[in-house]
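Printed here is input_33.cif (mmCIF, C-alpha atoms):
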```
data_coords
loop_
_atom_site.label_atom_id
_atom_site.label_comp_id
_atom_site.auth_asym_id
_atom_site.auth_seq_id
_atom_site.Cartn_x
_atom_site.Cartn_y
_atom_site.Cartn_z
CA MET A 1 138.79 -167.98 -13.27
CA LEU A 2 136.88 -164.89 -14.27
CA GLU A 3 136.28 -162.77 -11.20
CA GLY A 4 134.65 -159.71 -12.70
CA THR A 5 134.98 -157.03 -15.33
CA CYS A 6 135.86 -154.04 -13.14
CA LEU A 7 139.27 -152.48 -13.56
CA SER A 8 141.57 -152.65 -10.58
CA GLU A 9 141.82 -149.64 -8.31
CA ALA A 10 145.23 -148.65 -9.61
CA VAL A 11 144.36 -148.81 -13.28
CA HIS A 12 140.91 -147.32 -12.82
CA SER A 13 142.50 -144.29 -11.21
CA PHE A 14 143.89 -143.19 -14.55
CA VAL A 15 140.48 -143.00 -16.21
CA LEU A 16 139.45 -139.36 -16.31
CA THR A 17 136.68 -138.07 -14.09
CA GLU A 18 134.79 -134.81 -14.23
CA ASP A 19 134.77 -134.06 -10.51
CA SER A 20 138.53 -133.87 -9.94
CA ASP A 21 139.76 -130.90 -7.93
CA ASP A 22 143.48 -131.44 -8.53
CA GLY A 23 143.68 -129.87 -11.96
CA ASP A 24 143.22 -133.29 -13.55
CA GLY A 25 140.62 -131.89 -15.92
CA GLU A 26 143.59 -130.65 -17.94
CA LEU A 27 144.73 -134.24 -18.35
CA GLU A 28 142.30 -134.72 -21.23
CA GLU A 29 144.40 -132.41 -23.40
CA GLY A 30 147.63 -134.03 -22.28
CA LEU A 31 146.45 -137.50 -23.28
CA ALA A 32 145.94 -136.30 -26.84
CA ASP A 33 149.74 -136.24 -27.17
CA ASP A 34 149.67 -140.02 -27.81
CA LYS A 35 148.99 -139.63 -31.51
CA PRO A 36 150.21 -141.70 -34.48
CA GLY A 37 153.83 -140.96 -35.24
CA SER A 38 154.69 -139.76 -31.74
CA GLU A 39 157.40 -141.40 -29.67
CA ASP A 40 154.85 -143.24 -27.55
CA GLU A 41 153.35 -144.77 -30.71
CA GLN A 42 156.58 -146.28 -32.07
CA GLU A 43 156.50 -150.01 -32.71
CA ASP A 44 159.03 -152.65 -31.67
CA ASP A 45 161.85 -153.21 -34.13
CA ALA A 46 165.39 -154.40 -34.74
CA VAL A 47 168.20 -152.08 -33.66
CA ASP A 48 171.59 -151.75 -35.33
CA GLY A 49 174.65 -151.23 -33.17
CA ALA A 50 177.09 -152.96 -30.88
CA ARG A 51 175.96 -155.72 -28.55
CA VAL A 52 175.14 -154.67 -24.98
CA LEU A 53 173.54 -156.61 -22.15
CA GLY A 54 170.44 -154.43 -22.16
CA ASP A 55 169.10 -150.98 -21.46
CA VAL A 56 165.73 -149.47 -20.53
CA SER A 57 165.15 -145.74 -20.89
CA LEU A 58 162.14 -143.48 -20.49
CA ALA A 59 160.59 -141.69 -23.44
CA LYS A 60 162.30 -138.42 -24.34
CA GLN A 61 159.15 -136.38 -23.78
CA TYR A 62 157.36 -136.39 -20.45
CA GLN A 63 153.57 -136.03 -20.24
CA ARG A 64 152.22 -132.65 -19.24
CA TYR A 65 149.17 -132.02 -17.06
CA TYR A 66 150.06 -134.64 -14.45
CA PRO A 67 150.54 -133.50 -10.85
CA THR A 68 154.23 -132.80 -10.21
CA THR A 69 154.37 -133.23 -6.42
CA ILE A 70 154.38 -136.59 -4.69
CA HIS A 71 151.31 -135.81 -2.58
CA ARG A 72 149.11 -134.74 -5.49
CA LEU A 73 150.39 -137.50 -7.77
CA SER A 74 149.64 -140.08 -5.07
CA LYS A 75 146.09 -138.77 -4.85
CA HIS A 76 145.75 -138.73 -8.62
CA ILE A 77 146.79 -142.37 -9.11
CA ARG A 78 144.92 -143.45 -5.95
CA VAL A 79 147.86 -145.31 -4.47
CA ARG A 80 147.83 -144.09 -0.88
CA ARG A 81 151.24 -145.52 0.00
CA PHE A 82 152.97 -143.98 -3.01
CA LYS A 83 154.99 -141.59 -0.81
CA GLN A 84 156.12 -144.46 1.44
CA LEU A 85 157.00 -146.59 -1.58
CA VAL A 86 159.19 -143.83 -3.03
CA SER A 87 160.82 -143.31 0.37
CA GLN A 88 161.54 -147.04 0.63
CA PHE A 89 162.97 -147.00 -2.89
CA ILE A 90 165.34 -144.11 -2.11
CA TYR A 91 166.51 -145.86 1.05
CA ASP A 92 167.27 -149.05 -0.89
CA GLN A 93 169.15 -147.06 -3.53
CA THR A 94 171.32 -145.25 -1.00
CA HIS A 95 172.03 -148.06 1.50
CA VAL A 96 173.88 -151.33 1.07
CA ASP A 97 171.75 -153.28 3.53
CA PRO A 98 167.97 -153.42 3.01
CA LEU A 99 165.63 -151.99 5.61
CA PRO A 100 164.47 -154.69 8.06
CA ASP A 101 160.90 -155.84 7.47
CA ASP A 102 159.59 -154.63 10.83
CA SER A 103 161.23 -151.20 10.62
CA PRO A 104 159.11 -148.08 10.01
CA THR A 105 159.38 -146.44 6.60
CA PRO A 106 162.13 -143.79 6.67
CA PRO A 107 161.07 -140.17 6.06
CA LEU A 108 161.04 -139.04 2.46
CA PRO A 109 164.12 -136.96 1.57
CA THR A 110 163.69 -133.65 -0.21
CA LEU A 111 162.97 -134.08 -3.91
CA HIS A 112 164.50 -131.42 -6.12
CA GLY A 113 162.27 -130.28 -8.95
CA PRO A 114 159.01 -131.74 -10.26
CA ILE A 115 158.11 -135.39 -10.67
CA ARG A 116 157.75 -136.22 -14.36
CA VAL A 117 155.38 -138.87 -15.73
CA PHE A 118 155.93 -140.79 -18.97
CA HIS A 119 153.69 -143.04 -21.03
CA SER A 120 156.38 -145.36 -22.38
CA ALA A 121 159.90 -146.67 -21.99
CA ALA A 122 162.15 -148.38 -24.54
CA ALA A 123 163.85 -151.67 -23.67
CA THR A 124 166.87 -152.58 -25.81
CA PHE A 125 168.27 -156.07 -25.33
CA TYR A 126 170.30 -158.82 -26.99
CA ALA A 127 167.99 -161.20 -28.87
CA PRO A 128 169.84 -162.73 -31.85
CA SER A 129 167.24 -165.49 -32.27
CA ASP A 130 164.48 -162.93 -32.93
CA LEU A 131 164.25 -160.14 -35.50
CA SER A 132 167.25 -158.01 -34.58
CA GLY A 133 169.92 -155.68 -35.91
CA ILE A 134 173.45 -156.51 -37.06
CA GLY A 135 174.67 -156.74 -33.47
CA GLY A 136 171.75 -158.93 -32.43
CA MET A 137 169.97 -156.09 -30.63
CA ARG A 138 166.21 -155.58 -30.49
CA ARG A 139 164.08 -152.78 -29.06
CA GLU A 140 160.55 -152.99 -27.70
CA HIS A 141 158.38 -150.41 -25.99
CA ILE A 142 156.80 -150.77 -22.57
CA ARG A 143 153.56 -148.79 -22.23
CA ALA A 144 151.84 -147.34 -19.19
CA THR A 145 149.17 -145.07 -20.58
CA PRO A 146 145.54 -144.36 -19.63
CA ARG A 147 144.52 -144.10 -23.29
CA TRP A 148 146.41 -146.19 -25.79
CA ARG A 149 145.84 -144.68 -29.24
CA LYS A 150 143.03 -142.56 -27.77
CA GLY A 151 141.20 -145.70 -26.72
CA LEU A 152 141.40 -147.93 -23.66
CA PRO A 153 144.14 -148.05 -21.00
CA ARG A 154 147.29 -150.08 -21.58
CA TYR A 155 149.60 -151.09 -18.74
CA ASP A 156 152.21 -153.62 -19.85
CA CYS A 157 153.92 -156.33 -17.83
CA VAL A 158 157.69 -156.72 -17.51
CA PHE A 159 160.40 -159.09 -16.40
CA ALA A 160 162.57 -157.58 -13.65
CA GLU A 161 165.76 -158.88 -12.10
CA LYS A 162 165.37 -160.51 -8.68
CA ASP A 163 168.44 -162.72 -8.13
CA SER A 164 171.09 -162.97 -10.84
CA SER A 165 172.55 -166.10 -9.22
CA LEU A 166 169.41 -168.10 -10.08
CA GLU A 167 168.58 -169.39 -13.54
CA GLY A 168 165.45 -168.78 -15.56
CA PHE A 169 162.30 -167.38 -14.03
CA CYS A 170 163.54 -168.31 -10.53
CA GLY A 171 165.79 -165.25 -10.75
CA LEU A 172 163.13 -162.90 -12.11
CA HIS A 173 160.11 -160.91 -11.00
CA ALA A 174 156.95 -160.52 -13.05
CA ALA A 175 155.29 -157.14 -12.59
CA ARG A 176 152.72 -154.88 -14.20
CA VAL A 177 153.76 -151.29 -14.81
CA ILE A 178 151.24 -148.82 -13.39
CA LEU A 179 153.28 -145.61 -13.72
CA LEU A 180 156.54 -144.58 -15.38
CA PHE A 181 158.08 -141.54 -13.72
CA SER A 182 161.31 -139.82 -12.75
CA PHE A 183 162.48 -137.50 -9.99
CA THR A 184 165.71 -135.99 -8.67
CA CYS A 185 166.98 -136.45 -5.12
CA ALA A 186 170.36 -135.29 -3.76
CA GLY A 187 171.51 -134.49 -7.27
CA VAL A 188 170.71 -137.96 -8.64
CA LYS A 189 167.99 -138.49 -11.23
CA TYR A 190 166.00 -141.70 -10.77
CA PRO A 191 163.99 -143.19 -13.65
CA CYS A 192 161.42 -145.44 -11.99
CA ALA A 193 158.38 -147.61 -12.41
CA LEU A 194 155.50 -148.06 -10.00
CA VAL A 195 154.51 -151.70 -10.42
CA ARG A 196 152.12 -154.29 -9.11
CA TRP A 197 153.95 -157.49 -8.25
CA PHE A 198 153.11 -161.05 -9.30
CA SER A 199 154.41 -164.16 -7.53
CA PRO A 200 154.56 -167.82 -8.63
CA VAL A 201 151.85 -170.09 -7.23
CA ALA A 202 154.29 -173.04 -7.18
CA ASP A 203 158.04 -173.60 -7.06
CA LYS A 204 158.16 -175.01 -10.59
CA PRO A 205 156.44 -174.49 -13.97
CA ASP A 206 153.06 -175.99 -14.73
CA ASP A 207 153.43 -179.67 -15.69
CA LEU A 208 150.94 -179.48 -18.56
CA THR A 209 152.06 -176.28 -20.31
CA GLY A 210 155.66 -175.91 -19.15
CA MET A 211 154.92 -172.29 -18.21
CA TRP A 212 155.16 -170.67 -14.80
CA VAL A 213 151.85 -169.64 -13.21
CA VAL A 214 151.72 -166.39 -11.24
CA GLU A 215 149.13 -164.47 -9.25
CA PRO A 216 148.92 -160.79 -8.24
CA ASP A 217 150.40 -160.05 -4.82
CA VAL A 218 148.11 -158.60 -2.15
CA ASN A 219 148.73 -157.06 1.25
CA ALA A 220 147.39 -158.45 4.52
CA ASP A 221 144.22 -156.37 4.12
CA GLY A 222 143.62 -157.69 0.61
CA SER A 223 144.71 -154.51 -1.18
CA PRO A 224 147.06 -154.70 -4.21
CA SER A 225 150.77 -154.90 -3.41
CA PHE A 226 152.74 -152.18 -5.20
CA GLY A 227 156.41 -151.35 -5.36
CA VAL A 228 158.76 -148.80 -6.92
CA MET A 229 161.81 -150.05 -8.81
CA HIS A 230 164.61 -148.51 -10.84
CA LEU A 231 164.34 -148.99 -14.59
CA ASP A 232 167.79 -150.59 -14.52
CA ALA A 233 166.10 -153.62 -12.91
CA VAL A 234 163.74 -154.09 -15.88
CA LEU A 235 164.84 -156.56 -18.55
CA ARG A 236 162.05 -156.37 -21.10
CA ALA A 237 158.29 -156.70 -21.56
CA ALA A 238 156.54 -159.86 -20.39
CA HIS A 239 153.40 -161.51 -21.74
CA LEU A 240 150.91 -162.99 -19.26
CA ILE A 241 148.05 -165.25 -20.37
CA PRO A 242 145.00 -165.71 -18.12
CA VAL A 243 144.33 -169.14 -16.64
CA PHE A 244 140.76 -169.24 -17.88
CA GLY A 245 139.29 -172.08 -15.83
CA ASP A 246 135.94 -173.67 -16.68
CA ALA A 247 133.67 -170.61 -16.69
CA PHE A 248 132.39 -169.04 -19.89
CA ILE A 249 133.64 -165.55 -20.68
CA PRO A 250 130.85 -163.04 -21.45
CA ALA A 251 130.65 -162.02 -25.10
CA SER A 252 130.94 -158.38 -24.01
CA PHE A 253 134.23 -158.96 -22.17
CA HIS A 254 137.09 -156.90 -23.64
CA PHE A 255 140.62 -158.29 -23.73
CA SER A 256 142.04 -155.06 -22.28
CA ARG A 257 140.53 -156.04 -18.90
CA SER A 258 142.20 -159.45 -18.74
CA LEU A 259 144.95 -158.51 -16.27
CA ASP A 260 142.35 -157.02 -13.92
CA SER A 261 139.79 -159.82 -14.08
CA PHE A 262 141.57 -163.15 -13.61
CA ASN A 263 143.16 -164.70 -10.55
CA THR A 264 146.16 -166.44 -12.10
CA PHE A 265 148.24 -166.12 -15.27
CA TYR A 266 150.69 -168.13 -17.34
CA VAL A 267 154.06 -166.47 -17.96
CA ASN A 268 154.22 -166.93 -21.72
CA LYS A 269 157.72 -168.12 -22.59
CA PHE A 270 156.59 -168.98 -26.13
CA VAL A 271 155.91 -165.39 -27.21
CA ASP A 272 159.41 -165.21 -28.77
CA HIS A 273 162.83 -166.89 -28.62
CA GLN A 274 164.30 -164.52 -26.05
CA ALA A 275 161.41 -165.01 -23.63
CA HIS A 276 161.87 -168.77 -23.97
CA GLU A 277 165.53 -168.37 -23.00
CA ILE A 278 164.88 -166.40 -19.79
CA ALA A 279 161.48 -167.60 -18.49
CA PHE A 280 162.09 -171.34 -18.30
#
```

Full structure transcribed into structure tokens:
Amino acid sequence: MLEGTCLSEAVHSFVLTEDSDDGDGELEEGLADDKPGSEDEQEDDAVDGARVLGDVSLAKQYQRYYPTTIHRLSKHIRVRRFKQLVSQFIYDQTHVDPLPDDSPTPPLPTLHGPIRVFHSAAATFYAPSDLSGIGGMRREHIRATPRWRKGLPRYDCVFAEKDSSLEGFCGLHAARVILLFSFTCAGVKYPCALVRWFSPVADKPDDLTGMWVVEPDVNADGSPSFGVMHLDAVLRAAHLIPVFGDAFIPASFHFSRSLDSFNTFYVNKFVDHQAHEIAF
């Protein structure tokens, strides 16, 4: 059901303000880089080439005028636990066994060089049933930008791998990308996504629609639950449809606020053939 028209804290943090003291006033000029014809404006399309399982890569050009240290970037995006999330991510990447749930977050290792922020990533995957190249490959772009085409914010959702031993959506995560970024630690470059997680409300798809229903995860204090994941875990973009309920939607409501204003969402497996094959 409709809960309100305010953007979530994470997404709202990317809207420019005039009273920033972190050099964010320069961000206005940086956002103008998303212009027609730029890499971040490219549309989804078929891709020629040999068949591969899939690949997700950041845009070639990073966005200037973002803070380049973890402390300032955390303040800029208003995710207070960003440093801890990155530290947890590095631990998971460098250890075989996950950190126990009750253990304190390990200290953040030294990051070498600046953190770079990107407004898009390209997902290339095998989708012979959809419009694709000779090898059956298709490419689509995942956006995480505060001003899509110099307009409103756009933060796309994705499918991410959870458990490859399970079939369909049982083996996947649904998440909304809040930030695309990269950093280097101990000589290894990590392309990452800061995401907000969604979890199924039941252990099976909805009986009426055949689609899974998910809701945004929250912490014990009611705040949004975020995580950092490697781009290698991302499969492709996902399409979530609000569960509208019985309330009328105000005529002034803009579709760009849908993911911030509803409690539950359908995971749309009918958006294309490939989604139908993985989100059952």

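Between CA of Phe125 in chain A and CA of Asp55 in chain A lies a distance of 6.4 Å.
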
Q: Write out as a PyMOL selection string each polymer residue whose atoms come within 12 Å of Thr209 in chain A, counting only C-alpha atoms; drop sequence neighbours fewer than 6 positions from it.
A: chain A and resi 241+243+265-270+280

List the residues matched by the PyMOL selection byres ((chain A and resi 200-208) around 12) in the displayed structure as a PDB file with C-alpha atoms, in the coordinates of the input, ordered by chain and then by residue number.
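Contents of result_31.pdb, freshly written:
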```
ATOM      1  CA  GLY A 168     165.450-168.780 -15.560  1.00  0.00           C
ATOM      2  CA  PHE A 169     162.300-167.380 -14.030  1.00  0.00           C
ATOM      3  CA  CYS A 170     163.540-168.310 -10.530  1.00  0.00           C
ATOM      4  CA  GLY A 171     165.790-165.250 -10.750  1.00  0.00           C
ATOM      5  CA  LEU A 172     163.130-162.900 -12.110  1.00  0.00           C
ATOM      6  CA  HIS A 173     160.110-160.910 -11.000  1.00  0.00           C
ATOM      7  CA  ALA A 174     156.950-160.520 -13.050  1.00  0.00           C
ATOM      8  CA  ALA A 175     155.290-157.140 -12.590  1.00  0.00           C
ATOM      9  CA  TRP A 197     153.950-157.490  -8.250  1.00  0.00           C
ATOM     10  CA  PHE A 198     153.110-161.050  -9.300  1.00  0.00           C
ATOM     11  CA  SER A 199     154.410-164.160  -7.530  1.00  0.00           C
ATOM     12  CA  THR A 209     152.060-176.280 -20.310  1.00  0.00           C
ATOM     13  CA  GLY A 210     155.660-175.910 -19.150  1.00  0.00           C
ATOM     14  CA  MET A 211     154.920-172.290 -18.210  1.00  0.00           C
ATOM     15  CA  TRP A 212     155.160-170.670 -14.800  1.00  0.00           C
ATOM     16  CA  VAL A 213     151.850-169.640 -13.210  1.00  0.00           C
ATOM     17  CA  VAL A 214     151.720-166.390 -11.240  1.00  0.00           C
ATOM     18  CA  GLU A 215     149.130-164.470  -9.250  1.00  0.00           C
ATOM     19  CA  PRO A 216     148.920-160.790  -8.240  1.00  0.00           C
ATOM     20  CA  ASP A 217     150.400-160.050  -4.820  1.00  0.00           C
ATOM     21  CA  VAL A 243     144.330-169.140 -16.640  1.00  0.00           C
ATOM     22  CA  ASN A 263     143.160-164.700 -10.550  1.00  0.00           C
ATOM     23  CA  THR A 264     146.160-166.440 -12.100  1.00  0.00           C
ATOM     24  CA  PHE A 265     148.240-166.120 -15.270  1.00  0.00           C
ATOM     25  CA  TYR A 266     150.690-168.130 -17.340  1.00  0.00           C
ATOM     26  CA  VAL A 267     154.060-166.470 -17.960  1.00  0.00           C
ATOM     27  CA  ASN A 268     154.220-166.930 -21.720  1.00  0.00           C
ATOM     28  CA  LYS A 269     157.720-168.120 -22.590  1.00  0.00           C
ATOM     29  CA  ALA A 279     161.480-167.600 -18.490  1.00  0.00           C
ATOM     30  CA  PHE A 280     162.090-171.340 -18.300  1.00  0.00           C
TER      31      PHE A 280
END
```

Q. Just how far from CA of Asp156 in chain A is CA of Asp232 in chain A, in Å to one decimal?
A.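 About the pair CA of Asp232 in chain A and CA of Asp156 in chain A: they are 16.7 Å apart.
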
Which residues match the PyMOL selection byres ((chain A and resi 179) around 10) in the file above, as an mmCIF file with C-alpha atoms, keeping the file's coordinate frame?
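Output file result-v9.cif is given in full below:
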```
data_model
loop_
_atom_site.group_PDB
_atom_site.id
_atom_site.type_symbol
_atom_site.label_atom_id
_atom_site.label_comp_id
_atom_site.auth_asym_id
_atom_site.auth_seq_id
_atom_site.Cartn_x
_atom_site.Cartn_y
_atom_site.Cartn_z
ATOM 1 C CA ALA A 10 145.230 -148.650 -9.610
ATOM 2 C CA VAL A 11 144.360 -148.810 -13.280
ATOM 3 C CA PHE A 14 143.890 -143.190 -14.550
ATOM 4 C CA ILE A 77 146.790 -142.370 -9.110
ATOM 5 C CA VAL A 117 155.380 -138.870 -15.730
ATOM 6 C CA PHE A 118 155.930 -140.790 -18.970
ATOM 7 C CA HIS A 119 153.690 -143.040 -21.030
ATOM 8 C CA SER A 120 156.380 -145.360 -22.380
ATOM 9 C CA ARG A 143 153.560 -148.790 -22.230
ATOM 10 C CA ALA A 144 151.840 -147.340 -19.190
ATOM 11 C CA THR A 145 149.170 -145.070 -20.580
ATOM 12 C CA PRO A 146 145.540 -144.360 -19.630
ATOM 13 C CA TYR A 155 149.600 -151.090 -18.740
ATOM 14 C CA ARG A 176 152.720 -154.880 -14.200
ATOM 15 C CA VAL A 177 153.760 -151.290 -14.810
ATOM 16 C CA ILE A 178 151.240 -148.820 -13.390
ATOM 17 C CA LEU A 180 156.540 -144.580 -15.380
ATOM 18 C CA PHE A 181 158.080 -141.540 -13.720
ATOM 19 C CA SER A 182 161.310 -139.820 -12.750
ATOM 20 C CA CYS A 192 161.420 -145.440 -11.990
ATOM 21 C CA ALA A 193 158.380 -147.610 -12.410
ATOM 22 C CA LEU A 194 155.500 -148.060 -10.000
ATOM 23 C CA VAL A 195 154.510 -151.700 -10.420
ATOM 24 C CA ARG A 196 152.120 -154.290 -9.110
ATOM 25 C CA VAL A 228 158.760 -148.800 -6.920
#
```

Q: Report the residues retrieved by the PyMOL selection byres ((chain A and resi 101-104) around 12) from the displayed file, expressed as a PyMOL selection string.
A: chain A and resi 84-85+87-88+91+97-100+105-108

Q) Out of A:Lys189, A:Arg257, A:Arg236, A:Arg72, which residue has the shortest atom-to-atom distance to Arg139 in chain A when counting all atoms listed in the file? A) A:Arg236

Q: Please indicate the distance in Å from CA of Thr68 in chain A to CA of Arg116 in chain A, rounded to one decimal place.
A: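 If I compute the distance from CA of Thr68 in chain A to CA of Arg116 in chain A, I get 6.4 Å.
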
Non-local contacts of Ala123 in chain A (10 Å; only C-alpha atoms; under 3 positions in same chain excluded) as a PDB file with C-alpha atoms, keeping the file's coordinate frame:
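Result went into selection17.pdb, see below:
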```pdb
ATOM      1  CA  ASP A  44     159.030-152.650 -31.670  1.00  0.00           C
ATOM      2  CA  GLY A  54     170.440-154.430 -22.160  1.00  0.00           C
ATOM      3  CA  ASP A  55     169.100-150.980 -21.460  1.00  0.00           C
ATOM      4  CA  VAL A  56     165.730-149.470 -20.530  1.00  0.00           C
ATOM      5  CA  SER A  57     165.150-145.740 -20.890  1.00  0.00           C
ATOM      6  CA  LEU A  58     162.140-143.480 -20.490  1.00  0.00           C
ATOM      7  CA  SER A 120     156.380-145.360 -22.380  1.00  0.00           C
ATOM      8  CA  ARG A 138     166.210-155.580 -30.490  1.00  0.00           C
ATOM      9  CA  ARG A 139     164.080-152.780 -29.060  1.00  0.00           C
ATOM     10  CA  GLU A 140     160.550-152.990 -27.700  1.00  0.00           C
ATOM     11  CA  HIS A 141     158.380-150.410 -25.990  1.00  0.00           C
ATOM     12  CA  ILE A 142     156.800-150.770 -22.570  1.00  0.00           C
ATOM     13  CA  LEU A 231     164.340-148.990 -14.590  1.00  0.00           C
ATOM     14  CA  VAL A 234     163.740-154.090 -15.880  1.00  0.00           C
ATOM     15  CA  LEU A 235     164.840-156.560 -18.550  1.00  0.00           C
ATOM     16  CA  ARG A 236     162.050-156.370 -21.100  1.00  0.00           C
ATOM     17  CA  ALA A 237     158.290-156.700 -21.560  1.00  0.00           C
TER      18      ALA A 237
END
```

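Between Pro109 in chain A and the residues A:Leu73, A:Val96, A:Ala59, A:Val86, the shortest atom-to-atom distance, using all atoms listed in the file, involves A:Val86.
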
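Distances here use all atoms listed in the file; by that measure, the residue among A:Gly113, A:Gly245, A:Gly151, A:Pro67 closest to Val188 in chain A is A:Gly113.
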
Just need the box for range 105-114 of chain A, edges along x, y and z, holding every atom the file lists for it with 4 Å tacked onto each side, so centre and edge lengths in Å to one decimal, as lines of an AutoDock Vina configuration file.
```
center_x = 161.8
center_y = -138.4
center_z = -1.8
size_x = 13.5
size_y = 24.2
size_z = 24.9
```
